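Trainee: To start, I am sharing the structure in question, which I have written as structure tokens.
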Amino acid sequence: MEIHESAEDYLESILVVQERLGSVRSIDIVNDLGYSKPSVSIAMKKLRENGYISMAEDGTITLSDTGMEVASRVYRRHRTLTELFTFLGVPPEIAAEDACRVEHDLHEETFALVKDFLEKAKSGRDSL
């Protein structure tokens with residue numbers, strides 16, 4: 001099943017907020033992404049219906065295994081691309097924004113090469 005970019009952003013946000021706060025509620029996602037409460041509520045319903053998250057009666061949101069897989073992949077890409085762009089001299093805020101735009105559409109093979117390049121560049125190898 002294909003997952004849309006917006007759903008990936010929500011799942012990534014859930015993961016990031018969970019790492020930062022320990023638990024996640026819809027209001028935390030509103031605050032993290034700056035979206036309206038109704039938009040987040042609709043998105044959480046769709047993510048729940050598609051099996052990416054579960055919601056406890058107290059409103060706590062938990063990623064399912066599938067949701068965690070998607071969120072981890074997107075967040076890993078985001079961190080790596082932000083690091084690459086920063087390494088190239090892009091200011092951190094802009095690097096993070098650009099990484100968010102690129103992280104969804106980059107082919108897996110291209111991303112693997114980007115990761116390899118960054119690792120070599122950071123270790124100072126001449127074999128770039």
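All residue names refer to the structure tokens as shown: chains lettered A, B, ... in order, residues numbered from 1 in each chain, ligands numbered from 1 in order.
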Tell me which protein, DNA and RNA residues are within 9 Å of A:His78, counting only C-alpha atoms, leaving out same-chain ones fewer than 6 positions away, and put them as an NGL selection string.
Mentor: :A and (96 or 99-100 or 102-104)
Trainee: Residues of the last selection are to be written out with N, CA, C and O atoms, as an mmCIF file, in the first residue's frame.
Mentor:
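Wrote it out as result-v9.cif, contents follow:
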```cif
data_model
loop_
_atom_site.group_PDB
_atom_site.id
_atom_site.type_symbol
_atom_site.label_atom_id
_atom_site.label_comp_id
_atom_site.auth_asym_id
_atom_site.auth_seq_id
_atom_site.Cartn_x
_atom_site.Cartn_y
_atom_site.Cartn_z
ATOM 1 N N ALA A 96 17.202 21.575 7.336
ATOM 2 C CA ALA A 96 16.106 20.747 7.851
ATOM 3 C C ALA A 96 14.849 20.890 6.987
ATOM 4 O O ALA A 96 14.165 19.910 6.696
ATOM 5 N N ALA A 99 15.519 19.081 3.694
ATOM 6 C CA ALA A 99 15.509 17.629 3.920
ATOM 7 C C ALA A 99 14.078 17.118 3.968
ATOM 8 O O ALA A 99 13.771 16.045 3.423
ATOM 9 N N CYS A 100 13.187 17.892 4.585
ATOM 10 C CA CYS A 100 11.781 17.490 4.684
ATOM 11 C C CYS A 100 11.141 17.401 3.301
ATOM 12 O O CYS A 100 10.318 16.535 3.044
ATOM 13 N N VAL A 102 12.777 16.705 0.453
ATOM 14 C CA VAL A 102 13.445 15.673 -0.349
ATOM 15 C C VAL A 102 13.224 14.262 0.196
ATOM 16 O O VAL A 102 13.167 13.300 -0.564
ATOM 17 N N GLU A 103 13.076 14.116 1.499
ATOM 18 C CA GLU A 103 13.067 12.804 2.153
ATOM 19 C C GLU A 103 12.021 11.839 1.612
ATOM 20 O O GLU A 103 12.227 10.632 1.621
ATOM 21 N N HIS A 104 10.933 12.351 1.109
ATOM 22 C CA HIS A 104 9.829 11.498 0.663
ATOM 23 C C HIS A 104 10.034 10.922 -0.739
ATOM 24 O O HIS A 104 9.548 9.836 -1.028
#
```
Trainee: Name the residues of stretch 15-121 of chain A that fall into alpha helix (DSSP H) according to DSSP on the backbone, using the chain letters and numbers of this document, as a count of residues only.
Mentor: 76
Trainee: Go ahead and compute the interatomic distance for atom CA of A:Lys37 and atom CA of A:Arg25, in Å to one decimal.
Mentor: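 Atom CA of A:Arg25 lies 11.2 Å from atom CA of A:Lys37.
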Trainee: Got a sec to tell me which of chain A DSSP assigns to strand (DSSP E), as a VMD selection string?
Mentor: chain A and resid 53 to 55 61 to 63
Trainee: Of the candidates A:Leu84, A:Asp9, A:Ser23, A:Met68, which shows the shortest atom-to-atom distance to A:Asp116, using only C-alpha atoms?
Mentor: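 With only C-alpha atoms as the atom set, the closest residue is A:Leu84.
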